[in-house]
>>> print(open('upload00.csv').read())   # CSV, C-alpha atoms and all ligand atoms
chain,number,residue,atom,x,y,z
A,1,VAL,CA,-11.8,-9.6,-1.7
A,2,ALA,CA,-11.9,-12.8,-3.7
A,3,GLY,CA,-8.9,-13.6,-5.9
A,4,GLY,CA,-9.1,-11.7,-9.2
A,5,GLU,CA,-11.9,-9.5,-8.0
A,6,GLU,CA,-11.6,-5.9,-9.2
A,7,VAL,CA,-11.1,-3.1,-6.7
A,8,THR,CA,-13.3,-0.2,-7.7
A,9,ASP,CA,-12.6,2.4,-5.1
A,10,PHE,CA,-9.3,4.3,-5.3
A,11,PRO,CA,-7.2,4.6,-3.2
A,12,SER,CA,-8.5,1.7,-1.1
A,13,VAL,CA,-7.2,-0.9,1.3
A,14,THR,CA,-9.0,-4.1,2.1
A,15,LEU,CA,-7.7,-6.6,4.6
A,16,VAL,CA,-7.7,-10.0,2.8
A,17,ALA,CA,-6.1,-12.2,5.5
A,18,ILE,CA,-4.3,-11.9,8.8
A,19,THR,CA,-2.6,-14.3,11.2
A,20,PRO,CA,-5.3,-15.6,13.6
A,21,ASP,CA,-5.0,-14.4,17.2
A,22,ALA,CA,-1.9,-12.5,16.1
A,23,GLU,CA,-1.2,-10.6,19.3
A,24,SER,CA,-1.4,-13.7,21.4
A,25,LEU,CA,1.1,-15.4,19.1
A,26,ILE,CA,3.5,-12.5,19.3
A,27,ALA,CA,3.2,-12.4,23.1
A,28,ARG,CA,3.9,-16.2,23.3
A,29,SER,CA,7.0,-15.7,21.2
A,30,ALA,CA,8.1,-13.0,23.5
A,31,ARG,CA,7.5,-15.2,26.6
A,32,THR,CA,9.7,-17.8,25.0
A,33,CYS,CA,12.6,-15.3,25.0
A,34,TYR,CA,12.4,-14.8,28.7
A,35,ALA,CA,11.4,-18.4,29.7
A,36,THR,CA,8.2,-17.2,31.2
A,37,ASN,CA,6.2,-19.7,29.3
A,38,HIS,CA,3.1,-19.7,31.6
A,39,LEU,CA,-0.3,-18.5,30.5
A,40,THR,CA,-0.8,-14.8,31.2
A,41,SER,CA,-3.7,-12.4,30.9
A,42,LEU,CA,-4.5,-10.4,27.8
A,43,GLU,CA,-3.4,-7.2,29.6
A,44,GLU,CA,0.0,-8.7,30.5
A,45,ASP,CA,0.4,-9.8,26.9
A,46,ALA,CA,-0.4,-6.3,25.6
A,47,LYS,CA,2.1,-4.8,28.1
A,48,ARG,CA,4.8,-7.3,27.1
A,49,ILE,CA,4.3,-6.4,23.4
A,50,ARG,CA,4.4,-2.7,24.0
A,51,ASP,CA,7.6,-3.1,26.2
A,52,CYS,CA,9.3,-5.1,23.6
A,53,ILE,CA,8.5,-2.6,20.9
A,54,GLN,CA,9.8,0.3,23.1
A,55,ARG,CA,13.1,-1.5,23.7
A,56,GLY,CA,13.5,-2.3,19.9
A,57,HIS,CA,12.9,-6.1,20.4
A,58,GLU,CA,10.8,-6.1,17.3
A,59,SER,CA,11.7,-9.5,15.8
A,60,ILE,CA,8.7,-11.0,17.7
A,61,LEU,CA,6.4,-9.0,15.4
A,62,GLU,CA,7.6,-11.0,12.4
A,63,HIS,CA,5.6,-14.0,13.5
A,64,ALA,CA,2.4,-12.4,12.4
A,65,SER,CA,1.5,-11.1,8.9
A,66,ALA,CA,-1.4,-9.5,7.0
A,67,THR,CA,-2.4,-9.5,3.4
A,68,PHE,CA,-4.0,-6.4,1.8
A,69,ALA,CA,-5.7,-5.7,-1.5
A,70,ILE,CA,-4.7,-2.2,-2.4
A,71,GLY,CA,-6.3,-0.2,-5.2
A,72,CYS,CA,-4.3,2.8,-6.2
A,73,SER,CA,-2.3,4.4,-9.0
A,74,ARG,CA,0.9,2.9,-10.4
A,75,VAL,CA,2.7,5.8,-8.8
A,76,VAL,CA,2.0,4.3,-5.4
A,77,THR,CA,2.6,0.6,-6.3
A,78,HIS,CA,6.0,1.7,-7.6
A,79,GLU,CA,6.8,3.0,-4.2
A,80,LEU,CA,5.1,0.1,-2.3
A,81,VAL,CA,7.2,-2.6,-4.0
A,82,ARG,CA,10.4,-0.9,-2.8
A,83,HIS,CA,9.5,-2.5,0.6
A,84,ARG,CA,11.4,-5.7,0.2
A,85,ILE,CA,10.3,-7.9,3.1
A,86,ALA,CA,7.1,-8.7,1.3
A,87,ALA,CA,5.1,-10.8,-1.2
A,88,TYR,CA,3.3,-8.9,-4.0
A,89,SER,CA,0.8,-9.8,-6.8
A,90,GLN,CA,-0.2,-7.0,-9.2
A,91,ARG,CA,-2.6,-6.7,-12.0
A,92,SER,CA,-0.6,-7.2,-15.2
A,93,GLN,CA,-0.4,-4.7,-18.0
A,94,ARG,CA,1.3,-7.4,-20.1
A,95,TYR,CA,-1.7,-9.7,-20.0
A,96,VAL,CA,-4.7,-7.5,-19.2
A,97,ASN,CA,-6.3,-5.3,-21.8
A,98,GLU,CA,-6.3,-1.7,-20.5
A,99,SER,CA,-8.4,-0.2,-23.4
A,100,GLU,CA,-10.8,1.4,-21.0
A,101,PRO,CA,-9.4,4.6,-19.5
A,102,SER,CA,-8.8,4.0,-15.7
A,103,TYR,CA,-6.7,6.6,-14.0
A,104,PHE,CA,-6.3,8.4,-10.6
A,105,THR,CA,-6.9,12.1,-10.6
A,106,PRO,CA,-5.0,13.7,-7.7
A,107,PRO,CA,-7.2,16.1,-5.7
A,108,GLU,CA,-4.4,18.7,-6.1
A,109,ILE,CA,-5.0,18.8,-9.8
A,110,VAL,CA,-8.8,19.3,-9.3
A,111,LYS,CA,-8.1,22.0,-6.7
A,112,ALA,CA,-5.4,23.9,-8.7
A,113,GLY,CA,-7.1,27.2,-9.2
A,114,PRO,CA,-7.2,29.2,-12.4
A,115,VAL,CA,-4.1,31.1,-13.4
A,116,ALA,CA,-4.8,34.5,-15.0
A,117,GLY,CA,-4.1,34.5,-18.7
A,118,VAL,CA,-3.3,30.7,-18.7
A,119,TRP,CA,-5.8,28.4,-20.4
A,120,PRO,CA,-6.9,25.6,-20.1
A,121,SER,CA,-7.2,24.7,-16.4
A,122,ALA,CA,-4.9,22.1,-14.8
A,123,LEU,CA,-7.7,19.6,-14.7
A,124,GLU,CA,-8.3,20.1,-18.5
A,125,VAL,CA,-4.6,19.6,-19.2
A,126,TYR,CA,-4.5,16.5,-17.1
A,127,GLU,CA,-7.6,15.0,-18.8
A,128,LEU,CA,-6.3,15.8,-22.2
A,129,ALA,CA,-3.0,13.9,-21.4
A,130,MET,CA,-5.0,10.9,-20.2
A,131,ASP,CA,-7.2,11.0,-23.3
A,132,VAL,CA,-4.2,11.1,-25.6
A,133,ALA,CA,-2.5,8.3,-23.7
A,134,TRP,CA,-5.5,5.9,-24.0
A,135,ARG,CA,-6.3,6.8,-27.6
A,136,SER,CA,-2.7,6.1,-28.5
A,137,TYR,CA,-2.8,2.7,-26.6
A,138,ARG,CA,-6.0,1.6,-28.4
A,139,GLU,CA,-4.6,2.8,-31.8
A,140,LEU,CA,-1.4,0.7,-31.2
A,141,LEU,CA,-3.5,-2.4,-30.4
A,142,VAL,CA,-5.5,-1.9,-33.6
A,143,ARG,CA,-2.2,-1.9,-35.5
A,144,GLY,CA,-1.3,-5.3,-34.0
A,145,VAL,CA,1.1,-4.0,-31.3
A,146,PRO,CA,0.9,-6.4,-28.3
A,147,LYS,CA,-0.4,-5.2,-25.0
A,148,GLN,CA,3.0,-5.5,-23.3
A,149,ILE,CA,4.4,-3.1,-25.9
A,150,ALA,CA,1.4,-0.7,-26.3
A,151,ARG,CA,1.5,-0.1,-22.5
A,152,TYR,CA,4.6,2.0,-22.8
A,153,VAL,CA,2.3,5.0,-23.6
A,154,LEU,CA,0.2,4.5,-20.5
A,155,PRO,CA,0.8,7.0,-17.6
A,156,ASN,CA,1.8,6.6,-14.0
A,157,ALA,CA,-1.8,7.6,-13.1
A,158,CYS,CA,-3.1,4.2,-14.3
A,159,LEU,CA,-5.2,2.5,-11.6
A,160,THR,CA,-4.1,-0.9,-10.6
A,161,THR,CA,-4.7,-3.5,-7.9
A,162,ILE,CA,-1.9,-5.0,-5.9
A,163,TRP,CA,-2.0,-7.7,-3.2
A,164,ALA,CA,0.7,-7.2,-0.5
A,165,THR,CA,1.6,-9.4,2.3
A,166,TRP,CA,3.9,-8.0,5.0
A,167,ASN,CA,4.8,-9.1,8.5
A,168,PHE,CA,3.8,-6.8,11.4
A,169,ARG,CA,7.3,-5.4,11.8
A,170,GLU,CA,7.4,-4.4,8.1
A,171,ILE,CA,3.9,-2.9,8.3
A,172,ARG,CA,5.1,-0.7,11.2
A,173,HIS,CA,8.1,0.3,9.2
A,174,ILE,CA,6.0,1.2,6.2
A,175,ILE,CA,3.6,3.3,8.2
A,176,LYS,CA,6.4,5.2,9.8
A,177,LEU,CA,7.9,6.0,6.4
A,178,ARG,CA,4.7,6.5,4.3
A,179,ALA,CA,2.0,8.0,6.6
A,180,GLY,CA,4.0,11.2,7.2
A,181,LYS,CA,3.7,14.5,5.3
A,182,GLU,CA,6.9,14.0,3.5
A,183,ALA,CA,5.4,11.0,1.6
A,184,GLN,CA,3.5,11.1,-1.7
A,185,PRO,CA,-0.1,12.3,-0.8
A,186,GLU,CA,-1.8,9.3,-2.3
A,187,MET,CA,0.7,7.0,-0.5
A,188,GLN,CA,-0.1,8.8,2.8
A,189,GLU,CA,-3.8,7.9,2.3
A,190,VAL,CA,-2.9,4.2,1.6
A,191,ALA,CA,-0.6,4.1,4.7
A,192,LYS,CA,-3.2,5.6,6.9
A,193,LYS,CA,-5.9,3.2,5.7
A,194,ILE,CA,-3.5,0.3,6.5
A,195,LEU,CA,-2.9,1.8,10.0
A,196,ALA,CA,-6.6,2.2,10.6
A,197,ILE,CA,-7.1,-1.5,9.9
A,198,MET,CA,-4.1,-2.6,12.0
A,199,LEU,CA,-5.3,-0.5,15.0
A,200,GLU,CA,-8.5,-2.5,15.0
A,201,GLU,CA,-6.7,-5.8,14.5
A,202,ALA,CA,-3.7,-5.5,16.7
A,203,PRO,CA,-3.9,-2.4,19.0
A,204,SER,CA,-1.0,-3.4,21.2
A,205,VAL,CA,1.3,-3.6,18.2
A,206,PHE,CA,0.2,-0.5,16.4
A,207,GLY,CA,-1.2,1.7,19.2
A,208,ASP,CA,1.9,3.9,19.5
A,209,LEU,CA,1.5,4.9,15.8
A,210,ALA,CA,-2.1,6.0,16.2
A,211,ASP,CA,-1.3,9.7,16.0
A,212,ARG,CA,-0.1,9.2,12.4
A,213,ILE,CA,-3.6,8.9,11.1
B,301,LIG,C1,10.1,10.2,1.8
B,301,LIG,C2,10.8,9.2,0.9
B,301,LIG,C3,11.5,9.6,-0.2
B,301,LIG,C4,12.1,8.7,-1.0
B,301,LIG,N1,12.8,9.1,-2.1
B,301,LIG,C5,13.4,8.2,-2.9
B,301,LIG,C6,14.1,8.6,-4.1
B,301,LIG,O1,14.2,9.8,-4.4
B,301,LIG,N2,14.7,7.7,-4.9
B,301,LIG,C7,14.6,6.3,-4.5
B,301,LIG,O2,15.2,5.5,-5.3
B,301,LIG,N3,14.0,5.9,-3.4
B,301,LIG,C8,13.4,6.8,-2.6
B,301,LIG,N4,12.7,6.4,-1.5
B,301,LIG,C9,12.6,4.9,-1.2
B,301,LIG,C10,13.6,4.5,-0.1
B,301,LIG,O3,14.9,4.8,-0.4
B,301,LIG,C11,13.4,3.0,0.2
B,301,LIG,O4,13.8,2.3,-0.9
B,301,LIG,C12,12.0,2.6,0.6
B,301,LIG,O5,11.4,3.5,1.5
B,301,LIG,C13,12.0,1.2,1.1
B,301,LIG,O6,12.3,1.3,2.5
B,301,LIG,P1,13.5,0.5,3.1
B,301,LIG,O7,14.8,0.7,2.4
B,301,LIG,O8,13.5,0.8,4.6
B,301,LIG,O9,13.3,-1.0,2.8
B,301,LIG,P2,12.4,-2.3,3.3
B,301,LIG,O10,12.5,-3.2,2.1
B,301,LIG,O11,11.0,-1.8,3.7
B,301,LIG,O12,13.2,-2.9,4.4
B,301,LIG,C14,12.9,-2.7,5.8
B,301,LIG,C15,14.2,-2.6,6.6
B,301,LIG,O13,14.9,-3.8,6.4
B,301,LIG,C16,16.3,-3.5,6.4
B,301,LIG,N5,16.9,-3.9,5.0
B,301,LIG,C17,16.1,-4.4,4.0
B,301,LIG,N6,16.9,-4.7,3.0
B,301,LIG,C18,18.2,-4.4,3.4
B,301,LIG,C19,19.5,-4.5,2.8
B,301,LIG,N7,19.6,-5.0,1.5
B,301,LIG,N8,20.5,-4.1,3.5
B,301,LIG,C20,20.4,-3.6,4.7
B,301,LIG,N9,19.2,-3.5,5.4
B,301,LIG,C21,18.1,-3.9,4.7
B,301,LIG,C22,16.5,-2.0,6.5
B,301,LIG,O14,16.7,-1.7,7.9
B,301,LIG,C23,15.1,-1.5,6.1
B,301,LIG,O15,14.8,-0.2,6.6
B,301,LIG,C24,12.0,7.3,-0.7
B,301,LIG,C25,11.3,6.9,0.5
B,301,LIG,C26,10.7,7.8,1.2
B,301,LIG,C27,9.9,7.4,2.4
>>> encode(input="upload00.csv", output="structure tokens")
Amino acid sequence: VAGGEEVTDFPSVTLVAITPDAESLIARSARTCYATNHLTSLEEDAKRIRDCIQRGHESILEHASATFAIGCSRVVTHELVRHRIAAYSQRSQRYVNESEPSYFTPPEIVKAGPVAGVWPSALEVYELAMDVAWRSYRELLVRGVPKQIARYVLPNACLTTIWATWNFREIRHIIKLRAGKEAQPEMQEVAKKILAIMLEEAPSVFGDLADRI
């Protein structure tokens, strides 16, 4: 994902950058702790990493980091940025014109069945709310209201793109908190996509979390 490039698939997670040879770097840092600074096999490195994680010696994981481009609603970015050991860059509603409706529709809204005697459907109510929000936004711009003020009428459902950089320890922490059923469903999807990428990139570091997908 090039800088400034739009994400078009929501929710989506793209790996932008990652520490090269991350597991080897982490294993080397662990070897330093125990003054076993000789070259070891990949299998020994993997075992050392897994042992350290099991014992809670997780600072070694902070030497490696990854940057993701995440396309999701502002509901999810509001939750993501609560994770403080991070760097973030998000599409700005102060500077970018949001005249074109662009919003996340939760599958739960689509699936909400008809209720006897209640009209219109959940999806129709949802789409009406989005329509009113964007019409209002555009009408405010026409009246000379700046984007940074007009955006107050836009909903949480607004689609956005955020770049996030976290070290591996923080990524593990986020997955533990956000991939479980108690997390917001859209957030669960994002966390699971991050995990799927990290299982490919660093299986020794993330393998014990594989059952959370
Ligand atoms: C299911 C769920 C429900 C939630 N509900 C709410 C809610 O209703 N309202 C709400 O406001 N938030 C809510 N949150 C957000 C939550 O309180 C945290 O702000 C968020 O999950 C970030 O995680 P973290 O605090 O572990 O911080 P991170 O920034 O990810 O930090 C990682 C770890 O570093 C350590 N750390 C970081 N900063 C400090 C510090 N200043 N002092 C001490 N240790 C620190 C902690 O061990 C922390 O776990 C919810 C989160 C979840 C997962």
>>> atom_distance(input="upload00.csv", atom1="CA of Ile53 (chain A)", atom2="CA of Ser29 (chain A)")
13.2 Å
>>> residues_around(input="upload00.csv", residues="Ala179 (chain A)", least_positions_apart="2", cutoff="10 Å", atoms="only C-alpha atoms", output="PyMOL selection string")
chain A and resi 174-177+181-195+209+212-213
>>> write_last_selection(input="upload00.csv", atoms="C-alpha atoms", output="PDB file, in the coordinates of the input")
ATOM      1  CA  ILE A 174       6.000   1.200   6.200  1.00  0.00           C
ATOM      2  CA  ILE A 175       3.600   3.300   8.200  1.00  0.00           C
ATOM      3  CA  LYS A 176       6.400   5.200   9.800  1.00  0.00           C
ATOM      4  CA  LEU A 177       7.900   6.000   6.400  1.00  0.00           C
ATOM      5  CA  LYS A 181       3.700  14.500   5.300  1.00  0.00           C
ATOM      6  CA  GLU A 182       6.900  14.000   3.500  1.00  0.00           C
ATOM      7  CA  ALA A 183       5.400  11.000   1.600  1.00  0.00           C
ATOM      8  CA  GLN A 184       3.500  11.100  -1.700  1.00  0.00           C
ATOM      9  CA  PRO A 185      -0.100  12.300  -0.800  1.00  0.00           C
ATOM     10  CA  GLU A 186      -1.800   9.300  -2.300  1.00  0.00           C
ATOM     11  CA  MET A 187       0.700   7.000  -0.500  1.00  0.00           C
ATOM     12  CA  GLN A 188      -0.100   8.800   2.800  1.00  0.00           C
ATOM     13  CA  GLU A 189      -3.800   7.900   2.300  1.00  0.00           C
ATOM     14  CA  VAL A 190      -2.900   4.200   1.600  1.00  0.00           C
ATOM     15  CA  ALA A 191      -0.600   4.100   4.700  1.00  0.00           C
ATOM     16  CA  LYS A 192      -3.200   5.600   6.900  1.00  0.00           C
ATOM     17  CA  LYS A 193      -5.900   3.200   5.700  1.00  0.00           C
ATOM     18  CA  ILE A 194      -3.500   0.300   6.500  1.00  0.00           C
ATOM     19  CA  LEU A 195      -2.900   1.800  10.000  1.00  0.00           C
ATOM     20  CA  LEU A 209       1.500   4.900  15.800  1.00  0.00           C
ATOM     21  CA  ARG A 212      -0.100   9.200  12.400  1.00  0.00           C
ATOM     22  CA  ILE A 213      -3.600   8.900  11.100  1.00  0.00           C
TER      23      ILE A 213
END
>>> atom_distance(input="upload00.csv", atom1="CA of Tyr137 (chain A)", atom2="CA of Ile149 (chain A)")
9.3 Å
>>> axis_aligned_box(input="upload00.csv", around="ligand LIG 301 (chain B)", padding_each_side="8 Å", output="lines of an AutoDock Vina configuration file")
center_x = 15.2
center_y = 2.6
center_z = 1.3
size_x = 26.6
size_y = 31.2
size_z = 29.2
>>> closest_residue(input="upload00.csv", among="A:Leu159, A:Ile60, A:Val153, A:Val145", to="Thr105 (chain A)", atoms="only C-alpha atoms")
A:Leu159
>>> closest_residue(input="upload00.csv", among="A:Ser121, A:Phe10, A:Gln148, A:Arg48", to="Ala27 (chain A)", atoms="only C-alpha atoms")
A:Arg48
>>> atom_distance(input="upload00.csv", atom1="CA of Ala22 (chain A)", atom2="CA of Leu42 (chain A)")
12.2 Å
>>> residues_around(input="upload00.csv", residues="region 84-98 of chain A", least_positions_apart="2", cutoff="7 Å", atoms="all atoms listed in the file", output="number ranges by chain")
A: 81-82, 100, 147-148, 151, 160-166, 170
>>> residues_around(input="upload00.csv", residues="Asp208 (chain A)", least_positions_apart="4", cutoff="9 Å", atoms="all atoms listed in the file", output="tab-separated table (two decimals) with C-alpha atoms, keeping the file's coordinate frame")
chain	number	residue	atom	x	y	z
A	50	ARG	CA	4.40	-2.70	24.00
A	203	PRO	CA	-3.90	-2.40	19.00
A	204	SER	CA	-1.00	-3.40	21.20
>>> residues_near_point(input="upload00.csv", point="(2.8, -12.6, 18.6)", cutoff="9 Å", atoms="all atoms listed in the file", output="PyMOL selection string")
chain A and resi 21-30+49+60-64
>>> residues_near_point(input="upload00.csv", point="(4.5, 3.7, -11.7)", cutoff="10 Å", atoms="only C-alpha atoms", output="list in words")
Ser73, Arg74, Val75, Val76, Thr77, His78, Glu79, Leu154, Pro155, Asn156, Ala157, Cys158, Leu159 and Thr160 of chain A
>>> closest_residue(input="upload00.csv", among="A:Cys33, A:Val118, A:Cys72, A:Leu80", to="ligand LIG 301 (chain B)", atoms="only C-alpha atoms and all ligand atoms")
A:Leu80
>>> closest_residue(input="upload00.csv", among="A:Arg143, A:Ala69, A:Trp134, A:Phe104", to="Ala17 (chain A)", atoms="all atoms listed in the file")
A:Ala69
>>> closest_residue(input="upload00.csv", among="A:Glu58, A:Gly71, A:Met198, A:Arg135", to="ligand LIG 301 (chain B)", atoms="only C-alpha atoms and all ligand atoms")
A:Glu58
>>> closest_residue(input="upload00.csv", among="A:Tyr34, A:Tyr152, A:Trp119, A:Tyr126", to="Cys52 (chain A)", atoms="all atoms listed in the file")
A:Tyr34
